[in-house]
Amino acid sequence: MAAFNVTVPIAARLFKTSYMRMLVIFLVSGAGANAQTNIDANGKWKIISSGIQVPYMVDELKGLKMGPFVRLADGNILTVDSTRCYVSKDGGDTWDVYPIFPGNEDYLIRPERALIRTKTGVIILAFKNAKNRHWDWQPEIFDSPNAIQPTYTIRSLDEGKTWQDLQILHEDWTGAIRDMIETADGNIIFTSMMMRHDPGRQTVVTYTSMNGGRTWHRSNIIDLGGIGHHGGVSESTLEQLKNSRLWMLFRTNWGQFWEAYSDDEGLTWRDIRATAIPASSAPGLLTRLASGRLMLVWNLRYPEGKNEYPLRGGDNQWSEVPVSNHREELSVAFSDDEGKTWTQPTVLAKTSKAGSWISYPYVFEAHPGELWITTMQGGLRIKLYEKNFI
């Protein structure tokens, strides 16, 4: 089970040296370059209609919309796109459509969004508005000083038929909104970003609502420095641990996820440090399954069986350090001990064409142990069963 361990604390100023130490630990543990799954070892792969290769026990959900999805009280499934809400009564084959902004053309929901249905039946959507955006990256100053792409929330009290309480939470450039959870106390927390300047770089924030999405409280800003339009930290995912602490993983350019913890329902984040989870500069998604396990879906730093990948950045434009943007494989791992140790990563999908990407995953547990995984990049639409990967 202990394929890698994520509890190694590392100071931000020493991440270059520390990463090499963590990489050695990871490789020695058996989950590194030479690790093979039983699927890969048996050569049992198939190509689905999109041209993506998946393990033989993974099924394609052809024509399914992209997540995130939520389950309604009557068993139907709901999702959204740029301006509309969709509800399916037949598992995603057909959809009823409801406008989110009827008669208003000032809003366009970006694909990087988060969605939840609370225990009390409130549906909350957090999104960034592509209609109200400005980007003016200036290479000579390593910044986009007037960047704007706001974070919004809106909610529905009638299972997605109508939407209300639209509000803007900040106007700063929001790189992505990736995840939203409800805690055991009934509070709602979602992850967002705020670009900082002089020089330009990305940071992570969360918002917490204690009243079903009517009002929100912003957390402290997690700013670890960096330079570049993809510099800094970004695109986080979070879950509540069984000890009630909140655990957040965020994307970096430093070869692994970094983490932070909150003891006050996401109002403040501390214990910010590197993990030993090797990762490309791409977002992961952390999910609590009905079984109680944690599941992580993400892009490893290197393709399976390799220990290198072409780097980009390091020029203070993309980022201050050269970075792997490997997204040609999407992997999964599971943890039975609250993220302390994980199963060795299993590749869920890989491209047949170099340079094409499978990334930005959404996970929906349609039924206990039945997992739908969709991606923004690559258009992956698959179904798998937890029992086949443990």
# chains A, B, ... in the order shown; residues from 1 in each chain; ligands from 1
>>> residues_around(residues="segment 318-323 of chain A", least_positions_apart="2", cutoff="12 Å", atoms="only C-alpha atoms", output="PyMOL selection string")
chain A and resi 15-16+137-139+142-143+199-202+225-233+251-256+279-282+301-302+308-316+325-326
>>> residues_around(residues="segment 212-223 of chain A", least_positions_apart="6", cutoff="10 Å", atoms="only C-alpha atoms", output="PyMOL selection string")
chain A and resi 117-126+153-156+164-167+169-170+182+186-196+201-206+232-234+250+260+262+265-270+272
>>> atom_distance(atom1="atom CA of Thr174 of chain A", atom2="atom CA of Arg381 of chain A")
26.1 Å
>>> residues_around(residues="segment 364-366 of chain A", least_positions_apart="4", cutoff="9 Å", atoms="only C-alpha atoms", output="MDAnalysis selection string")
chainID A and resid 67:71 77 91 287 289:290 370:374
>>> write_last_selection(atoms="N, CA and C atoms", output="PDB file, in the first residue's frame")
ATOM      1  N   GLY A  67     -18.161  16.781 -16.662  1.00  0.00           N
ATOM      2  CA  GLY A  67     -18.518  17.124 -15.304  1.00  0.00           C
ATOM      3  C   GLY A  67     -18.134  18.554 -14.988  1.00  0.00           C
ATOM      4  N   PRO A  68     -18.341  18.963 -13.738  1.00  0.00           N
ATOM      5  CA  PRO A  68     -18.789  18.155 -12.614  1.00  0.00           C
ATOM      6  C   PRO A  68     -20.289  17.856 -12.669  1.00  0.00           C
ATOM      7  N   PHE A  69     -20.669  16.738 -12.020  1.00  0.00           N
ATOM      8  CA  PHE A  69     -22.053  16.318 -11.921  1.00  0.00           C
ATOM      9  C   PHE A  69     -22.477  16.296 -10.459  1.00  0.00           C
ATOM     10  N   VAL A  70     -23.791  16.433 -10.226  1.00  0.00           N
ATOM     11  CA  VAL A  70     -24.358  16.196  -8.902  1.00  0.00           C
ATOM     12  C   VAL A  70     -25.602  15.327  -9.065  1.00  0.00           C
ATOM     13  N   ARG A  71     -25.933  14.588  -8.004  1.00  0.00           N
ATOM     14  CA  ARG A  71     -27.123  13.740  -7.989  1.00  0.00           C
ATOM     15  C   ARG A  71     -28.253  14.497  -7.290  1.00  0.00           C
ATOM     16  N   ILE A  77     -29.442  13.364 -12.694  1.00  0.00           N
ATOM     17  CA  ILE A  77     -28.082  13.911 -12.693  1.00  0.00           C
ATOM     18  C   ILE A  77     -28.114  15.315 -13.274  1.00  0.00           C
ATOM     19  N   GLY A  91     -29.351   8.663 -17.028  1.00  0.00           N
ATOM     20  CA  GLY A  91     -27.933   8.388 -16.897  1.00  0.00           C
ATOM     21  C   GLY A  91     -27.043   9.119 -17.871  1.00  0.00           C
ATOM     22  N   THR A 287     -10.816  13.038  -4.131  1.00  0.00           N
ATOM     23  CA  THR A 287     -12.220  12.697  -3.908  1.00  0.00           C
ATOM     24  C   THR A 287     -12.347  11.682  -2.782  1.00  0.00           C
ATOM     25  N   LEU A 289     -14.455   8.701  -1.504  1.00  0.00           N
ATOM     26  CA  LEU A 289     -15.381   7.737  -2.069  1.00  0.00           C
ATOM     27  C   LEU A 289     -16.332   7.199  -1.005  1.00  0.00           C
ATOM     28  N   ALA A 290     -17.414   6.567  -1.451  1.00  0.00           N
ATOM     29  CA  ALA A 290     -18.387   5.989  -0.532  1.00  0.00           C
ATOM     30  C   ALA A 290     -17.752   4.931   0.352  1.00  0.00           C
ATOM     31  N   GLU A 370     -18.783   3.006  -8.429  1.00  0.00           N
ATOM     32  CA  GLU A 370     -18.843   3.250  -9.873  1.00  0.00           C
ATOM     33  C   GLU A 370     -18.445   4.698 -10.143  1.00  0.00           C
ATOM     34  N   LEU A 371     -17.346   4.902 -10.831  1.00  0.00           N
ATOM     35  CA  LEU A 371     -16.741   6.221 -10.957  1.00  0.00           C
ATOM     36  C   LEU A 371     -16.749   6.687 -12.406  1.00  0.00           C
ATOM     37  N   TRP A 372     -17.308   7.855 -12.632  1.00  0.00           N
ATOM     38  CA  TRP A 372     -17.251   8.489 -13.943  1.00  0.00           C
ATOM     39  C   TRP A 372     -16.141   9.529 -13.910  1.00  0.00           C
ATOM     40  N   ILE A 373     -15.259   9.476 -14.883  1.00  0.00           N
ATOM     41  CA  ILE A 373     -14.172  10.446 -14.981  1.00  0.00           C
ATOM     42  C   ILE A 373     -14.254  11.133 -16.334  1.00  0.00           C
ATOM     43  N   THR A 374     -14.358  12.447 -16.293  1.00  0.00           N
ATOM     44  CA  THR A 374     -14.353  13.255 -17.506  1.00  0.00           C
ATOM     45  C   THR A 374     -13.228  14.276 -17.393  1.00  0.00           C
TER      46      THR A 374
END
>>> select_by_dssp(residues="segment 106-244 of chain A", states="strand (DSSP E or B)", output="PDB file with C-alpha atoms, in the first residue's frame")
ATOM      1  CA  ILE A 109     -19.116  30.101 -17.490  1.00  0.00           C
ATOM      2  CA  ALA A 114     -17.076  23.645  -9.270  1.00  0.00           C
ATOM      3  CA  LEU A 115     -20.551  22.368  -8.431  1.00  0.00           C
ATOM      4  CA  ILE A 116     -22.213  20.849  -5.385  1.00  0.00           C
ATOM      5  CA  ARG A 117     -25.638  19.868  -4.078  1.00  0.00           C
ATOM      6  CA  ILE A 123     -27.158  23.551  -5.649  1.00  0.00           C
ATOM      7  CA  ILE A 124     -24.164  25.915  -5.694  1.00  0.00           C
ATOM      8  CA  LEU A 125     -22.049  26.740  -8.728  1.00  0.00           C
ATOM      9  CA  ALA A 126     -18.709  28.579  -8.504  1.00  0.00           C
ATOM     10  CA  PHE A 127     -17.308  29.833 -11.789  1.00  0.00           C
ATOM     11  CA  LYS A 128     -15.175  32.421 -13.529  1.00  0.00           C
ATOM     12  CA  ASN A 129     -16.868  34.691 -16.041  1.00  0.00           C
ATOM     13  CA  HIS A 134      -8.930  41.296 -19.512  1.00  0.00           C
ATOM     14  CA  GLN A 138       3.746  42.360 -20.852  1.00  0.00           C
ATOM     15  CA  ASP A 143       3.257  40.785 -15.512  1.00  0.00           C
ATOM     16  CA  ILE A 148      -9.275  40.629 -14.645  1.00  0.00           C
ATOM     17  CA  GLN A 149     -11.295  37.410 -14.658  1.00  0.00           C
ATOM     18  CA  PRO A 150     -13.704  37.387 -11.702  1.00  0.00           C
ATOM     19  CA  THR A 151     -14.840  34.590  -9.420  1.00  0.00           C
ATOM     20  CA  TYR A 152     -18.634  34.288  -9.119  1.00  0.00           C
ATOM     21  CA  THR A 153     -21.134  32.080  -7.334  1.00  0.00           C
ATOM     22  CA  ILE A 154     -24.790  31.407  -8.060  1.00  0.00           C
ATOM     23  CA  ARG A 155     -27.225  28.913  -6.549  1.00  0.00           C
ATOM     24  CA  SER A 156     -30.452  27.059  -7.242  1.00  0.00           C
ATOM     25  CA  GLN A 164     -30.519  33.141  -7.958  1.00  0.00           C
ATOM     26  CA  ASP A 165     -28.149  35.060  -5.676  1.00  0.00           C
ATOM     27  CA  LEU A 166     -25.505  35.702  -8.345  1.00  0.00           C
ATOM     28  CA  GLN A 167     -22.543  37.449  -6.719  1.00  0.00           C
ATOM     29  CA  ILE A 168     -18.961  38.386  -7.500  1.00  0.00           C
ATOM     30  CA  LEU A 169     -16.380  37.421  -4.863  1.00  0.00           C
ATOM     31  CA  HIS A 170     -13.286  39.013  -6.415  1.00  0.00           C
ATOM     32  CA  GLU A 171     -12.343  40.642  -9.714  1.00  0.00           C
ATOM     33  CA  ASP A 172      -8.683  39.582  -9.732  1.00  0.00           C
ATOM     34  CA  MET A 180     -16.015  22.284  -3.858  1.00  0.00           C
ATOM     35  CA  ILE A 181     -16.929  20.232  -0.770  1.00  0.00           C
ATOM     36  CA  GLU A 182     -19.418  20.209   2.086  1.00  0.00           C
ATOM     37  CA  ILE A 188     -19.332  24.769   1.864  1.00  0.00           C
ATOM     38  CA  ILE A 189     -15.756  25.418   0.728  1.00  0.00           C
ATOM     39  CA  PHE A 190     -14.486  25.862  -2.818  1.00  0.00           C
ATOM     40  CA  THR A 191     -11.047  26.531  -4.278  1.00  0.00           C
ATOM     41  CA  SER A 192     -10.180  29.547  -6.396  1.00  0.00           C
ATOM     42  CA  MET A 193      -7.164  31.639  -7.413  1.00  0.00           C
ATOM     43  CA  ARG A 196      -0.709  38.763  -7.791  1.00  0.00           C
ATOM     44  CA  ARG A 201       2.301  35.066 -10.445  1.00  0.00           C
ATOM     45  CA  GLN A 202      -0.561  32.818  -9.365  1.00  0.00           C
ATOM     46  CA  VAL A 204      -4.515  29.974  -4.231  1.00  0.00           C
ATOM     47  CA  VAL A 205      -7.478  31.005  -2.075  1.00  0.00           C
ATOM     48  CA  THR A 206     -10.624  29.302  -0.847  1.00  0.00           C
ATOM     49  CA  TYR A 207     -14.080  30.601   0.004  1.00  0.00           C
ATOM     50  CA  THR A 208     -16.252  29.281   2.842  1.00  0.00           C
ATOM     51  CA  SER A 209     -20.024  29.656   3.213  1.00  0.00           C
ATOM     52  CA  HIS A 217     -15.663  34.307   3.621  1.00  0.00           C
ATOM     53  CA  ARG A 218     -12.301  34.406   1.838  1.00  0.00           C
ATOM     54  CA  ILE A 222      -1.429  31.155  -0.341  1.00  0.00           C
ATOM     55  CA  GLY A 232       3.480  30.395  -8.396  1.00  0.00           C
ATOM     56  CA  SER A 234      -2.546  27.227  -8.567  1.00  0.00           C
ATOM     57  CA  GLU A 235      -5.554  24.969  -9.216  1.00  0.00           C
ATOM     58  CA  SER A 236      -6.120  23.278  -5.883  1.00  0.00           C
ATOM     59  CA  THR A 237      -8.291  20.373  -4.752  1.00  0.00           C
ATOM     60  CA  LEU A 238      -9.431  19.615  -1.222  1.00  0.00           C
ATOM     61  CA  GLU A 239     -11.141  17.092   1.038  1.00  0.00           C
ATOM     62  CA  GLN A 240     -12.043  16.782   4.713  1.00  0.00           C
TER      63      GLN A 240
END
>>> residues_around(residues="Lys387 of chain A", least_positions_apart="2", cutoff="10 Å", atoms="only C-alpha atoms", output="list in words")
Gly369, Glu370, Leu384, Tyr385, Phe389 and Ile390 of chain A
>>> atom_distance(atom1="atom CA of Arg293 of chain A", atom2="atom CA of Lys340 of chain A")
11.7 Å
>>> residues_around(residues="Tyr360 of chain A", least_positions_apart="3", cutoff="8 Å", atoms="only C-alpha atoms", output="ChimeraX atom specification")
/A:282-284,298,375-377
>>> write_last_selection(atoms="C-alpha atoms", output="compact mmCIF listing (two decimals), in the first residue's frame")
# COMPACT_ATOMS: atom_id res chain seq x y z
CA ALA A 282 -1.33 20.28 -13.94
CA PRO A 283 -4.23 20.03 -11.50
CA GLY A 284 -5.29 16.90 -9.68
CA TRP A 298 -3.76 13.50 -11.79
CA THR A 375 -11.66 15.74 -18.50
CA MET A 376 -11.68 19.28 -19.87
CA GLN A 377 -8.53 18.66 -21.90
>>> residues_around(residues="Gly92 of chain A", least_positions_apart="3", cutoff="8 Å", atoms="only C-alpha atoms", output="number ranges by chain")
A: 64-65, 77, 88-89, 95
>>> write_last_selection(atoms="N, CA and C atoms", output="CSV table (one decimal), in the first residue's frame")
chain,number,residue,atom,x,y,z
A,64,LEU,N,-21.2,11.5,-23.3
A,64,LEU,CA,-21.5,12.1,-22.0
A,64,LEU,C,-21.0,13.5,-22.0
A,65,LYS,N,-21.7,14.4,-21.3
A,65,LYS,CA,-21.2,15.8,-21.1
A,65,LYS,C,-20.1,15.8,-20.1
A,77,ILE,N,-29.4,13.4,-12.7
A,77,ILE,CA,-28.1,13.9,-12.7
A,77,ILE,C,-28.1,15.3,-13.3
A,88,SER,N,-30.5,15.1,-16.5
A,88,SER,CA,-30.7,13.9,-17.2
A,88,SER,C,-31.5,12.9,-16.3
A,89,LYS,N,-32.5,12.2,-16.8
A,89,LYS,CA,-33.2,11.2,-16.1
A,89,LYS,C,-32.8,9.8,-16.5
A,95,TRP,N,-31.0,15.1,-22.1
A,95,TRP,CA,-30.9,16.1,-21.0
A,95,TRP,C,-32.1,17.1,-21.2
>>> closest_residue(among="A:Phe257, A:Gln53, A:Pro368, A:Lys350", to="Leu296 of chain A", atoms="only C-alpha atoms")
A:Phe257
>>> closest_residue(among="A:Ser356, A:Glu105, A:Met57, A:Ile177", to="Lys44 of chain A", atoms="only C-alpha atoms")
A:Met57
>>> atom_distance(atom1="atom CA of Thr162 of chain A", atom2="atom CA of Asp93 of chain A")
22.3 Å
>>> closest_residue(among="A:Leu294, A:Ala184, A:Leu286, A:Ala354", to="Asn243 of chain A", atoms="only C-alpha atoms")
A:Ala184
>>> closest_residue(among="A:Glu304, A:Asp198, A:Glu338, A:Glu328", to="Trp247 of chain A", atoms="only C-alpha atoms")
A:Glu338
